[in-house]
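Chemist: Below you'll find entry_2.cif; it's mmCIF, C-alpha atoms.
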data_structure
#
loop_
_atom_site.group_PDB
_atom_site.id
_atom_site.type_symbol
_atom_site.label_atom_id
_atom_site.label_comp_id
_atom_site.auth_asym_id
_atom_site.auth_seq_id
_atom_site.Cartn_x
_atom_site.Cartn_y
_atom_site.Cartn_z
ATOM 1 C CA MET A 23 71.799 113.725 -5.953
ATOM 2 C CA SER A 24 70.743 117.144 -7.197
ATOM 3 C CA VAL A 25 71.278 118.288 -10.764
ATOM 4 C CA GLU A 26 73.740 120.943 -9.546
ATOM 5 C CA VAL A 27 75.798 118.384 -7.602
ATOM 6 C CA GLN A 28 75.812 116.017 -10.589
ATOM 7 C CA ALA A 29 76.904 118.843 -12.904
ATOM 8 C CA LYS A 30 79.731 119.834 -10.544
ATOM 9 C CA ALA A 31 80.886 116.206 -10.249
ATOM 10 C CA GLY A 32 80.789 115.893 -14.024
ATOM 11 C CA LYS A 33 82.960 119.008 -14.463
ATOM 12 C CA THR A 34 85.426 117.759 -11.860
ATOM 13 C CA ARG A 35 85.686 114.361 -13.579
ATOM 14 C CA LEU A 36 86.191 116.069 -16.936
ATOM 15 C CA ARG A 37 89.023 118.174 -15.470
ATOM 16 C CA LEU A 38 90.526 115.004 -13.966
ATOM 17 C CA TRP A 39 90.384 113.262 -17.358
ATOM 18 C CA LEU A 40 92.101 116.212 -19.054
ATOM 19 C CA LYS A 41 94.763 116.377 -16.320
ATOM 20 C CA LEU A 42 95.401 112.618 -16.671
ATOM 21 C CA LEU A 43 95.877 113.046 -20.421
ATOM 22 C CA LYS A 44 98.140 116.075 -20.016
ATOM 23 C CA THR A 45 100.278 114.351 -17.391
ATOM 24 C CA SER A 46 100.463 111.112 -19.365
ATOM 25 C CA ASN A 47 101.557 113.008 -22.469
ATOM 26 C CA ALA A 48 104.195 114.942 -20.503
ATOM 27 C CA VAL A 49 105.649 111.773 -18.970
ATOM 28 C CA GLU A 50 105.605 109.989 -22.337
ATOM 29 C CA THR A 51 107.342 112.923 -24.029
ATOM 30 C CA ALA A 52 110.051 112.938 -21.361
ATOM 31 C CA LEU A 53 110.554 109.180 -21.717
ATOM 32 C CA ARG A 54 110.738 109.443 -25.517
ATOM 33 C CA ASP A 55 113.320 112.220 -25.260
ATOM 34 C CA ARG A 56 115.470 110.333 -22.764
ATOM 35 C CA LEU A 57 115.363 107.074 -24.730
ATOM 36 C CA ARG A 58 116.425 108.975 -27.844
ATOM 37 C CA THR A 59 119.173 111.086 -26.266
ATOM 38 C CA GLU A 60 120.631 108.522 -23.860
ATOM 39 C CA PHE A 61 120.229 105.323 -25.886
ATOM 40 C CA GLY A 62 119.504 106.393 -29.464
ATOM 41 C CA THR A 63 116.261 104.424 -29.442
ATOM 42 C CA THR A 64 112.516 105.015 -29.551
ATOM 43 C CA LEU A 65 109.585 104.322 -27.266
ATOM 44 C CA PRO A 66 107.911 101.992 -29.817
ATOM 45 C CA ARG A 67 111.141 99.999 -30.019
ATOM 46 C CA PHE A 68 111.295 99.861 -26.221
ATOM 47 C CA ASP A 69 107.674 98.648 -26.179
ATOM 48 C CA VAL A 70 108.449 95.848 -28.657
ATOM 49 C CA MET A 71 111.456 94.753 -26.623
ATOM 50 C CA ALA A 72 109.389 94.882 -23.405
ATOM 51 C CA ALA A 73 106.698 92.657 -24.913
ATOM 52 C CA LEU A 74 109.333 90.190 -26.092
ATOM 53 C CA ALA A 75 111.079 90.275 -22.696
ATOM 54 C CA ARG A 76 107.782 89.258 -21.059
ATOM 55 C CA SER A 77 107.569 86.273 -23.443
ATOM 56 C CA PRO A 78 111.054 84.727 -23.552
ATOM 57 C CA GLU A 79 109.700 81.740 -25.514
ATOM 58 C CA GLY A 80 108.859 84.163 -28.327
ATOM 59 C CA LEU A 81 105.724 85.578 -29.891
ATOM 60 C CA LYS A 82 104.129 85.281 -33.280
ATOM 61 C CA MET A 83 104.458 88.575 -35.113
ATOM 62 C CA SER A 84 100.652 88.850 -35.251
ATOM 63 C CA GLU A 85 100.407 88.326 -31.477
ATOM 64 C CA LEU A 86 103.084 90.954 -30.885
ATOM 65 C CA SER A 87 101.097 93.431 -33.004
ATOM 66 C CA ARG A 88 97.901 92.572 -31.148
ATOM 67 C CA ARG A 89 99.473 93.016 -27.720
ATOM 68 C CA LEU A 90 100.951 96.376 -28.681
ATOM 69 C CA ARG A 91 97.780 97.434 -30.530
ATOM 70 C CA VAL A 92 99.730 98.490 -33.613
ATOM 71 C CA SER A 93 99.784 97.348 -37.221
ATOM 72 C CA ASN A 94 101.799 94.357 -38.371
ATOM 73 C CA GLY A 95 103.780 96.726 -40.611
ATOM 74 C CA ASN A 96 104.888 98.880 -37.681
ATOM 75 C CA VAL A 97 106.067 95.856 -35.715
ATOM 76 C CA THR A 98 107.799 94.341 -38.746
ATOM 77 C CA GLY A 99 109.896 97.459 -39.278
ATOM 78 C CA ILE A 100 111.015 97.538 -35.657
ATOM 79 C CA VAL A 101 111.738 93.791 -35.560
ATOM 80 C CA ASP A 102 113.714 94.096 -38.826
ATOM 81 C CA ARG A 103 116.033 96.631 -37.172
ATOM 82 C CA LEU A 104 116.305 94.629 -33.953
ATOM 83 C CA GLU A 105 117.237 91.561 -35.982
ATOM 84 C CA VAL A 106 119.929 93.393 -37.973
ATOM 85 C CA GLU A 107 121.451 94.616 -34.697
ATOM 86 C CA GLY A 108 121.415 91.108 -33.210
ATOM 87 C CA HIS A 109 118.820 91.974 -30.560
ATOM 88 C CA ALA A 110 116.068 89.715 -31.912
ATOM 89 C CA GLU A 111 115.715 86.597 -34.011
ATOM 90 C CA ARG A 112 112.849 85.307 -36.104
ATOM 91 C CA HIS A 113 112.010 81.785 -37.111
ATOM 92 C CA ALA A 114 109.150 80.064 -38.877
ATOM 93 C CA VAL A 115 106.327 78.633 -36.789
ATOM 94 C CA ALA A 116 106.070 74.872 -37.131
ATOM 95 C CA GLY A 117 102.968 73.903 -39.068
ATOM 96 C CA ASP A 118 102.281 77.434 -40.337
ATOM 97 C CA ARG A 119 104.461 78.464 -43.271
ATOM 98 C CA ARG A 120 103.160 82.032 -43.233
ATOM 99 C CA ALA A 121 103.681 82.749 -39.522
ATOM 100 C CA MET A 122 106.914 83.977 -37.996
ATOM 101 C CA GLU A 123 107.848 83.980 -34.353
ATOM 102 C CA VAL A 124 110.254 86.467 -32.808
ATOM 103 C CA ARG A 125 112.199 86.523 -29.557
ATOM 104 C CA LEU A 126 115.012 88.498 -27.997
ATOM 105 C CA THR A 127 118.528 87.163 -28.303
ATOM 106 C CA GLY A 128 120.861 87.129 -25.295
ATOM 107 C CA LYS A 129 122.318 90.388 -26.563
ATOM 108 C CA GLY A 130 118.810 91.819 -26.941
ATOM 109 C CA ARG A 131 117.818 90.719 -23.448
ATOM 110 C CA ALA A 132 120.932 92.352 -21.963
ATOM 111 C CA HIS A 133 120.279 95.570 -23.897
ATOM 112 C CA PHE A 134 116.627 95.608 -22.850
ATOM 113 C CA ASP A 135 117.577 95.059 -19.197
ATOM 114 C CA THR A 136 119.735 98.209 -19.402
ATOM 115 C CA LEU A 137 116.891 100.154 -21.032
ATOM 116 C CA ALA A 138 114.322 98.876 -18.530
ATOM 117 C CA THR A 139 116.473 99.834 -15.551
ATOM 118 C CA ALA A 140 116.861 103.368 -16.889
ATOM 119 C CA HIS A 141 113.152 103.548 -17.813
ATOM 120 C CA GLU A 142 112.083 102.567 -14.299
ATOM 121 C CA ALA A 143 114.429 105.148 -12.748
ATOM 122 C CA TRP A 144 113.098 107.864 -15.066
ATOM 123 C CA VAL A 145 109.473 107.041 -14.294
ATOM 124 C CA ASN A 146 110.297 107.052 -10.584
ATOM 125 C CA GLU A 147 111.907 110.473 -10.962
ATOM 126 C CA LEU A 148 109.132 111.896 -13.143
ATOM 127 C CA MET A 149 106.443 110.664 -10.739
ATOM 128 C CA GLY A 150 108.444 111.667 -7.642
ATOM 129 C CA ALA A 151 105.861 114.213 -6.498
ATOM 130 C CA ILE A 152 103.569 111.291 -5.617
ATOM 131 C CA THR A 153 104.314 109.188 -2.554
ATOM 132 C CA GLU A 154 104.212 105.409 -2.752
ATOM 133 C CA ALA A 155 100.983 105.372 -0.716
ATOM 134 C CA GLU A 156 99.408 107.974 -3.009
ATOM 135 C CA ALA A 157 100.482 105.977 -6.065
ATOM 136 C CA ALA A 158 98.878 102.842 -4.612
ATOM 137 C CA ARG A 159 95.631 104.732 -3.925
ATOM 138 C CA ILE A 160 95.549 106.244 -7.414
ATOM 139 C CA MET A 161 96.127 102.801 -8.943
ATOM 140 C CA GLU A 162 93.214 101.417 -6.897
ATOM 141 C CA ASP A 163 91.002 104.277 -8.059
ATOM 142 C CA LEU A 164 91.972 103.737 -11.701
ATOM 143 C CA ASP A 165 91.390 99.991 -11.299
ATOM 144 C CA SER A 166 87.857 100.822 -10.096
ATOM 145 C CA VAL A 167 87.268 102.933 -13.194
ATOM 146 C CA ALA A 168 88.634 100.148 -15.418
ATOM 147 C CA ARG A 169 86.386 97.539 -13.767
ATOM 148 C CA ASP A 170 83.373 99.805 -14.147
ATOM 149 C CA LEU A 171 84.148 100.355 -17.830
ATOM 150 C CA GLU A 172 84.589 96.611 -18.356
ATOM 151 C CA GLU A 173 81.207 95.924 -16.757
ATOM 152 C CA LYS A 174 79.578 98.468 -19.063
ATOM 153 C CA ARG A 175 80.973 96.813 -22.210
#
Would you mind giving the structure from this file in structure tokens?

Modeler:
Amino acid sequence: MSVEVQAKAGKTRLRLWLKLLKTSNAVETALRDRLRTEFGTTLPRFDVMAALARSPEGLKMSELSRRLRVSNGNVTGIVDRLEVEGHAERHAVAGDRRAMEVRLTGKGRAHFDTLATAHEAWVNELMGAITEAEAARIMEDLDSVARDLEEKR
């Protein structure tokens, strides 16, 4: 491949990266706004509830922080509020006095199901310019990039 062709490909990939970031930020901003205005909640809170919904048996607080890639302090503040509202419950981990485990309550699960249904509908609407086939192809392409990055680690 010639230097000119490589340079052009590099510029195109850079523009793609910037467009991905811009689009991701726009979708995230719209989701944040809708969660706030329609449910009085935040995207980080939604993310915590989603992680807990995927682990109905509960998660250690440290594992929850790791999965969300945020500090323990950030998760603790969100879980504190969820607990006060009856959406989550914490209990000590057997054999580890310092560790706490958290899980959604029935009320929390029901509330999250409502949020998740709305979230999915919003994402579907926001991404409506892309057909299902196009979405599948883009996901395959992004999976290829992710695999390539993983191999280079």

Chemist: As lines of an AutoDock Vina configuration file, please: the centre and edge lengths in Å, to one decimal, of an axis-aligned box enclosing every listed atom of segment 149-164 of chain A with 3 Å added on each side.

Modeler:
center_x = 99.7
center_y = 107.8
center_z = -6.2
size_x = 23.4
size_y = 18.8
size_z = 17.0

Chemist: To test your reading of the syntax: which residues would the PyMOL selection byres ((chain A and resi 82) around 8) return for the file shown? Reply as a PDB file with C-alpha atoms, keeping the file's coordinate frame.

Modeler:
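Output (selection-v6.pdb):
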ATOM      1  CA  GLY A  80     108.859  84.163 -28.327  1.00  0.00           C
ATOM      2  CA  LEU A  81     105.724  85.578 -29.891  1.00  0.00           C
ATOM      3  CA  MET A  83     104.458  88.575 -35.113  1.00  0.00           C
ATOM      4  CA  SER A  84     100.652  88.850 -35.251  1.00  0.00           C
ATOM      5  CA  GLU A  85     100.407  88.326 -31.477  1.00  0.00           C
ATOM      6  CA  LEU A  86     103.084  90.954 -30.885  1.00  0.00           C
ATOM      7  CA  VAL A 115     106.327  78.633 -36.789  1.00  0.00           C
ATOM      8  CA  ALA A 121     103.681  82.749 -39.522  1.00  0.00           C
ATOM      9  CA  MET A 122     106.914  83.977 -37.996  1.00  0.00           C
ATOM     10  CA  GLU A 123     107.848  83.980 -34.353  1.00  0.00           C
ATOM     11  CA  VAL A 124     110.254  86.467 -32.808  1.00  0.00           C
TER      12      VAL A 124
END

Chemist: Would you kindly translate the PyMOL selection byres ((chain A and resi 160-175) around 12) into the concrete residues it picks from this file, as a list in words?

Modeler: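 Selection result, ordered by chain and number: Arg35, Leu38, Trp39, Leu42, Ile152, Thr153, Glu154, Ala155, Glu156, Ala157, Ala158 and Arg159 of chain A.
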
Chemist: Point out the residue among A:Val145, A:Ala75, A:Val70, A:Leu126 with the least atom-to-atom distance to Ile100 of chain A, counting all atoms listed in the file.

Modeler: A:Val70

Chemist: Can you translate the PyMOL selection byres ((chain A and resi 131) around 10) into the concrete residues it hits in this file, as a PyMOL selection string?

Modeler: chain A and resi 71-72+74-75+78+109-110+125-130+132-137
